[in-house]
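These notes concern the structure reproduced below.
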Number of protein chains: 2
Amino acid sequence: DDPPGYTRLPEADPTALLDFAAARVDDLDDVILLGIGGSGLGARMLRYALVDPAESRPGYPRLHVVDNVDPRRLYYLLTTLDAVATLALVVTKSGSTAETMAGYAVVRGWLEATLGVEEARRRLVAVTDPEKGDLRAIADADGLDTFAVPPEVGGRFSVLSPVGLLPAALMGLDVTELLTGAALMRRAALRPAWRSNPALALALALHQHHQDGRRNVAVMPYADGLVDFAAWFAQLWAESLGKRSDYGPTPQAVLGATDQHSQLQLYTQGPRDRVVWLLETAEHDVEVAVPEREYGYASLDYLAGRGLGELLAAERRGTTLALIKAGTPSLLTTLPKLEERELGALIFLCEAAVSFSGRLAELNPYDQPGVEDGKRATYALLGRPGHTERREADAALESRFDDDLVSRA
Amino acid sequence: DDPPGYTRLPEADPTALLDFAAARVDDLDDVILLGIGGSGLGARMLRYALVDPAESRPGYPRLHVVDNVDPRRLYYLLTTLDAVATLALVVTKSGSTAETMAGYAVVRGWLEATLGVEEARRRLVAVTDPEKGDLRAIADADGLDTFAVPPEVGGRFSVLSPVGLLPAALMGLDVTELLTGAALMRRAALRPAWRSNPALALALALHQHHQDGRRNVAVMPYADGLVDFAAWFAQLWAESLGKRSDYGPTPQAVLGATDQHSQLQLYTQGPRDRVVWLLETAEHDVEVAVPEREYGYASLDYLAGRGLGELLAAERRGTTLALIKAGTPSLLTTLPKLEERELGALIFLCEAAVSFSGRLAELNPYDQPGVEDGKRATYALLGRPGHTERREADAALESRFDDDLVSRA
């Protein structure tokens with residue numbers, strides 16, 4: 001087999017997108033990214049890990065990832081942002097995703113109403129297939145700036161393409177370091193022995209747990225910055241591996257220490273159907289210490305002088321021990337720290353692991369046939385040409401379903 | 001049996017906390033809430049549903065829920081907020097939760113360093129047991145403002161006590177409407193026939209699915225504002241019902257339409273081990289429309305003139321149809337709109353449903369014995385008196401576990 005397309009991303013030359021970002025950031029307060037699923041999750045992961053909780057890096061614009069069509073978020077942005085200092089990235093590989101194209105039309109209308117047709121064009125960037133699709137055609141016809149999503153790279157594997165790297169560059173992240181981290185992990189992922197190949201080790205461990213009936217995979221970083229990494233992993237894992245009735249891990253994105261107070265009860269005393277992947281960082285870029293003094297209260301004195309990062313690390317270890325005692329298996333990944341290189345490596349680790357997992361489960365991890373039925377039904381409901389004939393069939397299905405519900409009762 | 005404590009919350013008199021909030025909000029830009037698990041999730045749910053995506057309601061302070069000990073968030077807040085316009089709520093029922101007490105000591109140190117010891121006291125509010133615990137003792141000794149968590153109400157059931165209502169009042173939410181919605185649902189939850197009792201119907205449906213092998217419960221609101229409702233539900237469900245190896249639903253908090261592009265593949269073609277609870281709002285408080293024009297592109301013309309809310313509703317229905325075709329059962333709850341009364345009713349619906357579910361599964365939904373082991377291990381690792389004797393035992397456990405891993409390989 002050819003190696004999958006995403007494996008070539010670490011060696012792609014980011015110069016064009018770096019130059020574009022460098023030329024534009026000085027005039028920008030805000031960047032709106034319109035993209036859903038794999039077109040939005042990667043940028044969210046990067047932002048959450050490397051920019052939040054601050055709004056932006058000093059001297060760089062804020063990034064707003066609009067990855068849903070709930071009107072309230074876009075309404076809020078378009079009534080508070082300054083169009084003249086805003087850039088909109090429209091990210092859809094196919095060039096026709098309903099949510100993204102709707103957002104594009106709305107934002108373009110707003111830019112045109114505020115700045116005029118010509119200036120609006122300068123504030124729209126298309127990230128899409130290099131040749132095919134409506135968004136590519138629009139961009140070509142209207143002279144929009146464009147960046148290509150390599151056709152051989154699927155949405156959930158595209159964060160290290162312009163899909164993730166263009167917003168990364170605009171946020172002021174070190175794109176070269178992201179790619180370097182990914183390239184280092186790629187080298188490790190090619191090693192034949194699983195003990196020295198972390199991606200193969202992760203895939204083997206999770207596959208074995210799945211075969212042993214532990215189909216739930218809780219991804220539990222002990223690091224606020226990895227919240228959206230967990231969401232990104234959940235897509236990668238579910239959409240790549242959830243394809244057969246006899247196979248399919250269910251990912252659950254949780255956060256340590258917070259969700260010890262939410263999910264640990266279930267993980268320790270509930271059904272034996274779970275493995276927990278714990279992640280942590282060995283170092284924090286900032287530390288905050290509990291003031292050193294005699295408090296005179298048992299619940300404070302043992303904390304005096306401790307760092308919150310130290311407390312977080314102890315909680316992670318406490319959770320590992322509680323899981324061991326309960327007989328719930330867990331894995332642990334420790335990142336040296338949470339910066340671009342480490343995150344690039346973590347991204348590639350998961351992508352390579354899902355490739356190995358697909359091989360182990362004997363399925364194709366790169367397609368997503370099950371997403372199509374919902375899309376077709378939505379198109380039919382909205383009267384998109386070529387889909388309306390489904391309406392009656394769907395209506396019949398719905399009413400049969402209602403009858404079922406009543407007869408079950 | 002006595003009715004569980006949370007069922008009395010809708011009739012509690014909120015006057016004291018409303019008066020407190022009214023007297024203080026004019027001087028506040030920011031409120032920091034220190035609280036983890038049930039002490040933070042409720043406020044987060046209210047904020048996300050009724051204030052976000054804006055930073056705050058006009059004339060009211062921003063709420064920052066610090067529900068983890070990752071140092072980066074508190075570091076950011078304490079280096080950017082103005083202490084003189086900040087109030088800190090310390091929320092822990094027991095009065096000794098490690099994460100919350102650590103945050104309290106840090107924030108108090110910051111307030112004292114900036115404003116002096118006396119003024120710092122005026123900016124700290126304790127929400128805790130009316131009599132017991134270290135935080136109560138500290139508040140009494142130092143003359144801090146306090147609000148009581150009723151002893152008979154557990155953390156994950158406490159959002160309609162001062163735990164959630166005090167931050168709600170400070171954010172400018174209509175607390176009376178929240179309670180009215182809850183009271184209306186309480187009345188419905190007392191009806192004996194399941195067809196007219198939505199809480200009993202929800203419990204029966206989810207219990208039956210669980211008994212049929214569908215242990216995964218995906219909670220999938222089609223409303224950005226309900227993202228943290230899903231997280232709150234996940235705690236309520238997992239911690240209340242995950243107590244036996246032969247029983248225990250795994251909640252998965254997901255978002256429509258976004259996660260159609262992440263989880264729907266698994267839900268339609270993966271294992272038959274899941275039920276999906278869809279939620280939507282019939283109305284949006286704002287609507288944003290795709291400009292009405294001839295685009296000349298198939299992926300845009302069918303969207304012309306449509307509202308994003310209309311598109312979201314069509315996607316919800318498309319997902320329902322796709323799930324029906326795939327044989328994956330789903331439930332649907334439609335809120336008239338997303339305001340205080342509706343959210344109060346939704347909260348009580350879930351609480352009453354988990355009470356019924358506990359009865360159906362013949363377990364006690366109000367305790368959480370499984371959370372304790374991790375806490376004790378953390379205390380031991382940090383050398384809290386009375387816990388150090390565990391260290392050696394834990395170290396032995398860890399090294400055995402490492403050996404296991406190697407021998408499995």
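Residues are named by chain letter and number: chains run A, B, ... in the order of the structure tokens, numbers start at 1 in each chain, and ligands are numbered from 1 in the order shown.
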
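Per DSSP on the backbone, strand (DSSP E or B) in segment 15-211 of chain A comprises Asp30, Val31, Ile32, Leu33, Leu34, Arg62, Leu63, His64, Val65, Val66, Thr86, Leu87, Ala88, Leu89, Val90, Val91, Leu124, Val125, Ala126, Val127, Thr128, Asp145, Thr146, Phe147 and Ala148 of chain A.
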
Could the residues in this selection be written to a file with C-alpha atoms, as a PDB file, in the first residue's frame?
```pdb
ATOM      1  CA  ASP A  30      -9.854  39.057  14.450  1.00  0.00           C
ATOM      2  CA  VAL A  31      -9.868  35.960  12.269  1.00  0.00           C
ATOM      3  CA  ILE A  32     -13.105  34.029  11.760  1.00  0.00           C
ATOM      4  CA  LEU A  33     -12.596  30.412  10.745  1.00  0.00           C
ATOM      5  CA  LEU A  34     -15.666  28.860   9.119  1.00  0.00           C
ATOM      6  CA  ARG A  62      -7.906  36.531  17.969  1.00  0.00           C
ATOM      7  CA  LEU A  63      -9.157  33.366  16.273  1.00  0.00           C
ATOM      8  CA  HIS A  64     -12.883  32.563  16.362  1.00  0.00           C
ATOM      9  CA  VAL A  65     -13.683  29.055  15.164  1.00  0.00           C
ATOM     10  CA  VAL A  66     -17.301  29.001  13.968  1.00  0.00           C
ATOM     11  CA  THR A  86     -11.271  40.935  10.274  1.00  0.00           C
ATOM     12  CA  LEU A  87     -10.191  38.107   7.982  1.00  0.00           C
ATOM     13  CA  ALA A  88     -12.448  35.124   7.230  1.00  0.00           C
ATOM     14  CA  LEU A  89     -11.064  31.666   6.458  1.00  0.00           C
ATOM     15  CA  VAL A  90     -13.525  29.382   4.686  1.00  0.00           C
ATOM     16  CA  VAL A  91     -12.379  25.809   5.206  1.00  0.00           C
ATOM     17  CA  LEU A 124     -11.940  36.071   2.362  1.00  0.00           C
ATOM     18  CA  VAL A 125      -9.554  33.122   2.099  1.00  0.00           C
ATOM     19  CA  ALA A 126     -10.619  29.752   0.689  1.00  0.00           C
ATOM     20  CA  VAL A 127      -8.959  26.601   2.049  1.00  0.00           C
ATOM     21  CA  THR A 128     -10.248  23.818  -0.167  1.00  0.00           C
ATOM     22  CA  ASP A 145      -6.709  34.072  -1.801  1.00  0.00           C
ATOM     23  CA  THR A 146      -6.611  30.282  -1.592  1.00  0.00           C
ATOM     24  CA  PHE A 147      -4.706  27.489   0.063  1.00  0.00           C
ATOM     25  CA  ALA A 148      -5.041  23.867  -1.004  1.00  0.00           C
TER      26      ALA A 148
END
```

List every residue of segment 161-404 of chain A that DSSP, applied to the backbone of this structure, assigns to alpha helix (DSSP H), and report them as an MDAnalysis selection string.
-> chainID A and resid 162:171 175:189 198:211 227:241 264:269 298:301 308:326 340:361 372:381 390:404

Might you pull out every residue within 8 Å of segment 201-216 of chain A, with only C-alpha atoms counted and same-chain residues fewer than 5 positions away left off, and present them as a PyMOL selection string?
-> chain A and resi 194-195+248-252+272-275+353-354+356-357+360-361

Using C-alpha atoms, can you export the residues from the last selection as an mmCIF file, in the first residue's frame?
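The resulting out_25.cif:
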```cif
data_model
loop_
_atom_site.group_PDB
_atom_site.id
_atom_site.type_symbol
_atom_site.label_atom_id
_atom_site.label_comp_id
_atom_site.auth_asym_id
_atom_site.auth_seq_id
_atom_site.Cartn_x
_atom_site.Cartn_y
_atom_site.Cartn_z
ATOM 1 C CA TRP A 194 6.409 -1.789 19.251
ATOM 2 C CA ARG A 195 8.472 -1.030 22.356
ATOM 3 C CA GLY A 248 -15.947 0.365 17.331
ATOM 4 C CA PRO A 249 -14.459 2.098 20.340
ATOM 5 C CA THR A 250 -16.493 4.939 21.871
ATOM 6 C CA PRO A 251 -14.231 7.839 22.790
ATOM 7 C CA GLN A 252 -15.128 9.974 25.787
ATOM 8 C CA ARG A 272 -15.551 -3.253 33.245
ATOM 9 C CA ASP A 273 -15.957 -1.858 29.737
ATOM 10 C CA ARG A 274 -13.374 0.885 29.688
ATOM 11 C CA VAL A 275 -9.740 1.889 29.309
ATOM 12 C CA ALA A 353 -2.017 5.034 15.921
ATOM 13 C CA VAL A 354 -5.369 5.178 14.137
ATOM 14 C CA PHE A 356 -2.283 0.939 12.881
ATOM 15 C CA SER A 357 -5.641 0.424 14.596
ATOM 16 C CA LEU A 360 -5.462 -4.394 13.397
ATOM 17 C CA ALA A 361 -9.251 -4.211 13.054
#
```

Name the residues in contact with Leu28 of chain B at a cut-off of 12 Å, using only C-alpha atoms, excluding same-chain residues fewer than 5 positions from it; report them as a VMD selection string.
-> chain B and resid 21 to 23 56 59 to 63 81 to 88 123 170 to 171

Quick one: residues within 12 Å of Ala238 of chain A, only C-alpha atoms counted, chain neighbours fewer than 6 positions away excluded, as number ranges by chain?
-> A: 156, 215-217, 230-232, 244, 247-253, 354, 357-358, 365-368, 370-371; B: 259-271

With N, CA, C and O atoms kept, could you save the residues just selected as a short mmCIF file (atom, residue, chain, number, x, y, z; two decimals), in the first residue's frame?
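Done, and the output landed in result21.cif:
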```cif
data_model
loop_
_atom_site.label_atom_id
_atom_site.label_comp_id
_atom_site.auth_asym_id
_atom_site.auth_seq_id
_atom_site.Cartn_x
_atom_site.Cartn_y
_atom_site.Cartn_z
N ARG A 156 -10.21 14.79 8.95
CA ARG A 156 -9.75 14.59 10.32
C ARG A 156 -8.26 14.35 10.42
O ARG A 156 -7.71 14.29 11.53
N ARG A 215 -14.62 -1.32 25.33
CA ARG A 215 -14.84 -0.54 24.12
C ARG A 215 -14.85 0.96 24.37
O ARG A 215 -14.82 1.74 23.43
N ASN A 216 -15.00 1.36 25.62
CA ASN A 216 -14.97 2.79 25.91
C ASN A 216 -13.55 3.24 26.14
O ASN A 216 -12.80 2.63 26.90
N VAL A 217 -13.18 4.31 25.44
CA VAL A 217 -11.84 4.88 25.58
C VAL A 217 -12.00 6.30 26.14
O VAL A 217 -12.45 7.20 25.42
N ALA A 230 -8.57 16.49 23.24
CA ALA A 230 -9.43 15.33 23.52
C ALA A 230 -10.61 15.29 22.55
O ALA A 230 -11.00 14.23 22.07
N ALA A 231 -11.17 16.47 22.23
CA ALA A 231 -12.29 16.52 21.27
C ALA A 231 -11.81 16.12 19.86
O ALA A 231 -12.51 15.42 19.12
N TRP A 232 -10.62 16.58 19.50
CA TRP A 232 -10.04 16.22 18.21
C TRP A 232 -9.80 14.71 18.13
O TRP A 232 -10.13 14.04 17.14
N ARG A 244 -18.21 -0.91 11.98
CA ARG A 244 -18.81 -2.24 11.92
C ARG A 244 -19.54 -2.49 13.23
O ARG A 244 -19.12 -2.02 14.29
N TYR A 247 -17.28 -3.94 15.85
CA TYR A 247 -16.05 -3.23 16.22
C TYR A 247 -16.36 -1.75 16.33
O TYR A 247 -17.13 -1.22 15.54
N GLY A 248 -15.74 -1.08 17.26
CA GLY A 248 -15.95 0.36 17.33
C GLY A 248 -15.82 0.90 18.73
O GLY A 248 -16.74 0.79 19.53
N PRO A 249 -14.65 1.48 19.03
CA PRO A 249 -14.46 2.10 20.34
C PRO A 249 -15.26 3.40 20.44
O PRO A 249 -15.37 4.14 19.47
N THR A 250 -15.81 3.67 21.63
CA THR A 250 -16.49 4.94 21.87
C THR A 250 -15.57 5.84 22.67
O THR A 250 -15.27 5.56 23.83
N PRO A 251 -15.11 6.92 22.05
CA PRO A 251 -14.23 7.84 22.79
C PRO A 251 -15.04 8.76 23.70
O PRO A 251 -16.15 9.16 23.37
N GLN A 252 -14.50 9.06 24.85
CA GLN A 252 -15.13 9.97 25.79
C GLN A 252 -14.05 10.99 26.18
O GLN A 252 -13.03 10.62 26.76
N ALA A 253 -14.27 12.25 25.84
CA ALA A 253 -13.29 13.29 26.13
C ALA A 253 -13.56 13.86 27.51
O ALA A 253 -14.63 14.41 27.75
N VAL A 354 -4.08 5.56 14.74
CA VAL A 354 -5.37 5.18 14.14
C VAL A 354 -5.13 4.42 12.83
O VAL A 354 -5.93 3.53 12.48
N SER A 357 -4.41 1.01 14.05
CA SER A 357 -5.64 0.42 14.60
C SER A 357 -6.54 -0.09 13.48
O SER A 357 -7.17 -1.14 13.60
N GLY A 358 -6.62 0.68 12.40
CA GLY A 358 -7.42 0.24 11.26
C GLY A 358 -6.90 -1.08 10.71
O GLY A 358 -7.67 -1.99 10.38
N PRO A 365 -9.56 3.02 7.78
CA PRO A 365 -9.78 4.14 8.71
C PRO A 365 -9.94 5.49 8.02
O PRO A 365 -10.12 6.49 8.70
N TYR A 366 -9.89 5.53 6.71
CA TYR A 366 -9.83 6.84 6.02
C TYR A 366 -11.15 7.29 5.42
O TYR A 366 -11.24 8.42 4.95
N ASP A 367 -12.18 6.45 5.39
CA ASP A 367 -13.45 6.90 4.83
C ASP A 367 -14.46 7.18 5.95
O ASP A 367 -14.15 7.02 7.13
N GLN A 368 -15.65 7.64 5.60
CA GLN A 368 -16.70 7.91 6.59
C GLN A 368 -18.07 7.78 5.91
O GLN A 368 -18.84 8.73 5.88
N GLY A 370 -20.78 6.50 6.80
CA GLY A 370 -21.96 6.64 7.64
C GLY A 370 -22.41 8.08 7.85
O GLY A 370 -23.49 8.33 8.36
N VAL A 371 -21.56 9.04 7.47
CA VAL A 371 -21.95 10.43 7.67
C VAL A 371 -22.91 10.89 6.58
O VAL A 371 -23.65 11.86 6.74
N ASP B 259 -20.91 17.79 15.83
CA ASP B 259 -20.39 16.44 16.01
C ASP B 259 -21.02 15.41 15.08
O ASP B 259 -20.65 14.24 15.13
N GLN B 260 -21.96 15.83 14.22
CA GLN B 260 -22.31 14.94 13.10
C GLN B 260 -21.03 14.63 12.32
O GLN B 260 -20.89 13.54 11.77
N HIS B 261 -20.15 15.62 12.26
CA HIS B 261 -18.90 15.47 11.52
C HIS B 261 -17.81 14.85 12.40
O HIS B 261 -16.64 14.98 12.09
N SER B 262 -18.21 14.23 13.50
CA SER B 262 -17.23 13.62 14.38
C SER B 262 -17.71 12.24 14.85
O SER B 262 -16.99 11.26 14.76
N GLN B 263 -18.96 12.17 15.35
CA GLN B 263 -19.43 10.95 15.99
C GLN B 263 -20.51 10.20 15.21
O GLN B 263 -20.80 9.04 15.51
N LEU B 264 -21.14 10.81 14.22
CA LEU B 264 -22.30 10.17 13.58
C LEU B 264 -21.91 8.90 12.83
O LEU B 264 -22.70 7.95 12.75
N GLN B 265 -20.69 8.88 12.29
CA GLN B 265 -20.19 7.66 11.66
C GLN B 265 -20.28 6.49 12.63
O GLN B 265 -20.80 5.41 12.29
N LEU B 266 -19.77 6.68 13.83
CA LEU B 266 -19.81 5.63 14.85
C LEU B 266 -21.24 5.28 15.25
O LEU B 266 -21.59 4.11 15.44
N TYR B 267 -22.09 6.31 15.35
CA TYR B 267 -23.45 6.08 15.84
C TYR B 267 -24.30 5.31 14.82
O TYR B 267 -25.28 4.66 15.20
N THR B 268 -23.97 5.46 13.54
CA THR B 268 -24.80 4.80 12.54
C THR B 268 -24.24 3.45 12.09
O THR B 268 -25.01 2.56 11.76
N GLN B 269 -22.92 3.33 12.05
CA GLN B 269 -22.37 2.07 11.53
C GLN B 269 -21.58 1.26 12.56
O GLN B 269 -21.14 0.17 12.27
N GLY B 270 -21.41 1.83 13.75
CA GLY B 270 -20.65 1.12 14.78
C GLY B 270 -21.53 0.14 15.55
O GLY B 270 -22.64 -0.19 15.13
N PRO B 271 -21.02 -0.33 16.68
CA PRO B 271 -21.77 -1.30 17.50
C PRO B 271 -23.13 -0.77 17.94
O PRO B 271 -23.33 0.44 18.10
#
```

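Residue nearest Leu50 of chain A, chosen from A:Leu173, A:Leu190, A:Ala105, A:Ala257 and counting only C-alpha atoms: A:Leu173.
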
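From atom CA of Pro71 of chain A back to atom CA of Leu338 of chain B, the distance works out to 13.0 Å.
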
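For the pair atom CA of Val290 of chain A and atom CA of Gly305 of chain A, the interatomic distance is 5.1 Å.
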
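With only C-alpha atoms as the atoms that count, the residue of B:Leu303, B:Ala314, B:Leu41, B:Ala120 with the shortest distance to Phe233 of chain B is B:Leu41.
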
What does the distance from atom CA of Ile138 of chain B to atom CA of Ala313 of chain A come to in Å, to one decimal?
-> 27.2 Å

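With only C-alpha atoms as the atoms that count, the residue of B:Glu99, B:Val117, B:Val288, B:Pro192 with the shortest distance to Leu78 of chain A is B:Val288.
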
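The environment of Pro151 of chain A within 7 Å, counting only C-alpha atoms and disregarding residues fewer than 2 places along the same chain, consists of Asp129, Val149 and Val153 of chain A.
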